[in-house]
Number of protein chains: 2
Amino acid sequence: MSFEDAERGEIVTKDAYDARAAELRVNLLDAQYQALKAAKFPVVIVVAGVDGASKSEVLAKLTEWMDPRHVHAHAVGLPSDEELERPPMWRFWRRLPPKGKTGIFFGSWYTQPIIERVERKMDIEEFETALGVVQRFERMIAAEGALVLKFWFHLSKKDQRKRLDTLAASKKTAWRVSKEEWRRFQNYDRFRKISNEALALTTEPPWQIVDGRDWRTAALTVGDAVNDALRIRLESIAENEKAAKAEKADRAEKADKKPKKLRAVAKTQPLSEIDLTKKLDDEEYDEQLLVEQRRLALLTRNKRYQKLSPLIVFEGMDAAGKGGAVRRLTAAMDARQYIIVPVAAPTDEERAQPYLWRFWRHAPPERQIAIFDRSWYGRVLVERVEGFCGDAEWRRAFDEINDFEAQLASAANIVVKLWLQVSPDEQLRRFKEREDTPFKRFKITAEDWRNRERLADYQVAANDMLAKTSTVLAPWTVVEADDKRWARIKVLRTVADAIERRL
Amino acid sequence: MSFEDAERGEIVTKDAYDARAAELRVNLLDAQYQALKAAKFPVVIVVAGVDGASKSEVLAKLTEWMDPRHVHAHAVGLPSDEELERPPMWRFWRRLPPKGKTGIFFGSWYTQPIIERVERKMDIEEFETALGVVQRFERMIAAEGALVLKFWFHLSKKDQRKRLDTLAASKKTAWRVSKEEWRRFQNYDRFRKISNEALALTTEPPWQIVDGRDWRTAALTVGDAVNDALRIRLESIAENEKAAKAEKADRAEKADKKPKKLRAVAKTQPLSEIDLTKKLDDEEYDEQLLVEQRRLALLTRNKRYQKLSPLIVFEGMDAAGKGGAVRRLTAAMDARQYIIVPVAAPTDEERAQPYLWRFWRHAPPERQIAIFDRSWYGRVLVERVEGFCGDAEWRRAFDEINDFEAQLASAANIVVKLWLQVSPDEQLRRFKEREDTPFKRFKITAEDWRNRERLADYQVAANDMLAKTSTVLAPWTVVEADDKRWARIKVLRTVADAIERRL
């Protein structure tokens with residue numbers, strides 16, 4: 001439905017509404033409980049559009065029809081100071097509903113770009129960039145399973161004026177029409193044009209245009225759409241489960257088949273070009289450690305640094321020396337300046353969200369460095385190699401991760417990514433040493449030995465990752481780590497260089 | 001150790017330090033990993049005291065000795081705007097480490113009361129109240145299992161001056177001595193007196209006074225204390241587990257013994273005084289519903305309301321009509337104004353924290369009403385009746401809950417607590433009706449029938465709860481709920497009255 005269609009749709013009578021609403025309520029509640037019980041997907045509803053177009057009334061009806069205990073309406077207004085210190089999308093990520101629940105965004109990721117573009121605080125390029133972020137965000141949460149429903153409430157200029165007049169005339173509703181609403185009405189034509197552009201830039205999942213003239217008609221439109229979407233999703237889940245069961249039985253038959261060798265998807269192999277013989281002697285190490293740690297200490301005390309929040313990602317092979325390198329880094333800083341995020345199994349709250357959610361929640365505030373000991377790259381490394389996620393999932397992850405990091409880097413974050421590489425021989429030597437040293441034994445598990453058997457596959461995954469996610473805003477640095485001293489100095493220097501460049 | 005003792009303790013030599021530190025590191029790391037693996041308790045370390053007393057140096061050493069990935073140092077400065085909208089302790093609750101992890105509070109719940117009292121922004125009564133809250137907080141998290149270690153870093157006046165002079169004289173450290181530090185030094189005597197008072201008001205868990213003249217000595221003192229405390233706790237956990245196993249075997253023998261009947265602990269039985277025959281006819285109901293909902297709608301749009309954040313607690317018997325009453329309440333409000341918190345099984349992140357943590361996290365911001373559908377009272381109701389928590393736990397919960405609610409009520413929160421009571425006969429009728437009505441069947445489970453068998457015990461628990469947690473700041477209202485219409489109106493009226501009184 002286009003804006004024009006929405007202006008001349010049919011309006012339901014009060015009687016027809018009463019009959020249909022009663023039926024819809026039972027259906028919607030039933031669908032909601034089924035979805036809640038399955039707890040397989042969250043429902044994200046975007047309510048946007050013209051002032052006075054029955055948005056509030058429809059929201060009230062939706063929460064009346066559904067069980068309000070599992071619906072959370074978010075009126076996202078101005079960002080708080082905690083939100084201002086993070087990338088713009090952080091405040092929406094933290095409000096995403098978990099699987100089974102419904103989040104209604106009334107005031108959403110569309111509000112700011114559209115308003116700022118209408119008021120010419122954003123040029124066309126910034127507008128398109130902002131909506132690009134929005135489009136990729138919605139596409140991603142949808143790909144991760146969220147049922148995303150977007151409603152645009154429309155009114156023609158004539159109808160909006162009529163509606164605002166009516167609201168203003170009644171004592172009971174006059175408070176809803178402030179100067180702000182009238183000011184925006186003056187801009188109706190521009191608002192309509194910009195909105196049309198916004199909708200055209202964000203067609204996936206699709207928008208549903210709602211005729212906003214009559215709240216009953218609008219409520220039925222939205223209620224029906226939510227009910228239908230829930231039922232279609234519940235059916236497809238049931239079908240998928242059947243298919244998955246069949247596949248599982250099928251797989252069990254071929255159980256002792258070896259895992260397939262990984263095929264590279266990138267054209268280059270950055271790891272083939274590195275020189276693992278690089279090293280430092282004790283004297284060089286001691287000297288450079290002092291220099292680099294002091295440099296880092298001074299940089300993090302710099303006045304201009306106070307607005308930054310660097311994000312350091314450590315990835316690498318098992319026993320490549322990530323822990324030791326992290327400690328040399330933190331030794332140069334005040335413990336109140338950094339937070340280390342060791343990435344282990346997700347909690348159940350994290351499993352109820354898109355996979356990047358558990359990293360978004362740790363986006364650091366100003367002046368704070370976040371150090372990730374392993375990271376979101378798990379998706380294209382261990383999850384890909386071990387088959388913990390599907391092909392489509394790790395394939396789309398490259399772009400999703402680049403987008404995530406671009407958002408971090410464009411905010412106050414410096415993104416430094418370090419891949420620590422050791423040769424197979426050196427890894428073997430360290431594994432054995434760990435087994436032989438009492439206080440290092442906790443560091444080595446059966447899993448490490450298992451991973452080692454698939455070293456070639458992990459290298460393919462690492463090469464693809466380095467090739468596909470080294471961006472201008474968030475480049476990878478490969479650290480030759482056969483010599484621990486060389487590796488530690490290179491880590492320190494890379495971080496210090498990155499901060500220095502930004503200052 | 002008193003302040004005076006701390007001023008004349010022995011100072012370790014550099015050589016002695018090097019030897020002891022090397023040993024301590026291995027021990028501390030080992031204890032930390034054991035604690036992390038057990039994941040049975042969090043470690044909360046408070047670092048407080050005089051400026052220039054080696055606090056930063058000791059923090060650096062602690063994070064060097066322990067694995068910094070599982071230690072989080074919090075420099076809690078000024079509250080953010082999100083924090084200002086909640087009770088003062090909220091910002092510490094949200095930073096509490098989960099089981100297995102260590103949180104170091106450098107800038108803690110002591111900072112504000114002591115500074116404000118020194119600067120005479122707080123009178124003695126406010127100071128004692130604030131520290132009362134702190135003392136009960138620490139006692140509670142300790143009772144819930146946290147290992148709480150409190151270190152007060154001390155310096156005599158002479159030593160502090162010397163230390164500040166030394167720091168100021170060196171280019172490398174001069175930045176650490178700002179005007180602020182000197183200004184506070186001018187107040188040394190008063191600071192010492194107030195600190196002494198603060199320590200005397202918060203003796204549980206006990207303070208450890210650290211001689212702050214020499215960072216090496218201080219680091220060993222703190223490191224040893226942390227190591228010892230970890231080991232004592234790990235041992236006692238091992239012992240308790242042995243005892244629990246024995247007890248379990250013992251219990252298994254007496255498995256078919258009936259649960260003991262609950263004994264009341266309060267002297268009064270508020271539920272014995274109520275009149276369940278109260279009711280409204282359809283006409284009265286329709287009329288009063290309109291009146292009360294309109295009243296509530298107007299109140300929540302009042303200007304003075306914008307600074308409030310009411311908190312409504314629904315508790316009551318199964319099938320007492322909580323859901324319906326909640327819906328009548330929310331129907332009067334804009335969905336963007338409230339959040340409903342349905343209390344189900346805790347998530348694993350919640351289980352890793354003291355039991356009140358999962359309610360603290362939902363303390364509403366300004367203008368927002370939080371509606372709890374069941375609540376923290378689970379501890380003294382179902383957990384007590386079913387034996388899910390120990391005797392000591394539900395017994396102390398009455399005070400803990402009163403304290404929690406007093407904090408909420410003193411901040412911008414109005415606390416309204418509603419107990420919905422139905423007669424056993426009416427409950428039975430509703431259970432049967434639910435079983436017979438297709439779209440209500442999801443509401444009734446085997447558990448409801450099981451609970452019904454223990455109705456008498458639940459009534460004892462409810463009576464105790466009402467008697468022991470009805471406070472001036474957060475009183476209970478018992479709602480006679482045999483007649484749903486009466487109950488819904490009373491709920492609406494109680495909430496509206498409470499908001500009106502506050503305005």
# chains A, B, ... in the order shown; residues from 1 in each chain; ligands from 1

$ residues_around --residues "stretch 334-337 of chain A" --least-positions-apart "5" --cutoff "9 Å" --atoms "only C-alpha atoms" --output "PyMOL selection string"
(chain A and resi 297+300+367-370) or (chain B and resi 56+59-60+63+68+72-75+106)

$ select_by_dssp --residues "stretch 453-487 of chain B" --states "alpha helix (DSSP H)" --output "PyMOL selection string"
chain B and resi 453+455-469+484-487

$ select_by_dssp --residues "stretch 47-267 of chain B" --states "strand (DSSP E)" --output "PyMOL selection string"
chain B and resi 47-49+71-74+102-106+147-154+207-211

$ closest_residue --among "A:Lys101, A:Lys179, A:Arg251, A:Lys162" --to "chain B" --atoms "only C-alpha atoms"
A:Lys101

$ atom_distance --atom1 "atom CA of B:Asp81" --atom2 "atom CA of B:Ile124"
27.2 Å

$ residues_around --residues "A:Gln160" --least-positions-apart "6" --cutoff "8 Å" --atoms "only C-alpha atoms" --output "MDAnalysis selection string"
chainID A and resid 50:53 185

$ atom_distance --atom1 "atom CA of A:Leu149" --atom2 "atom CA of A:Gly103"
10.4 Å
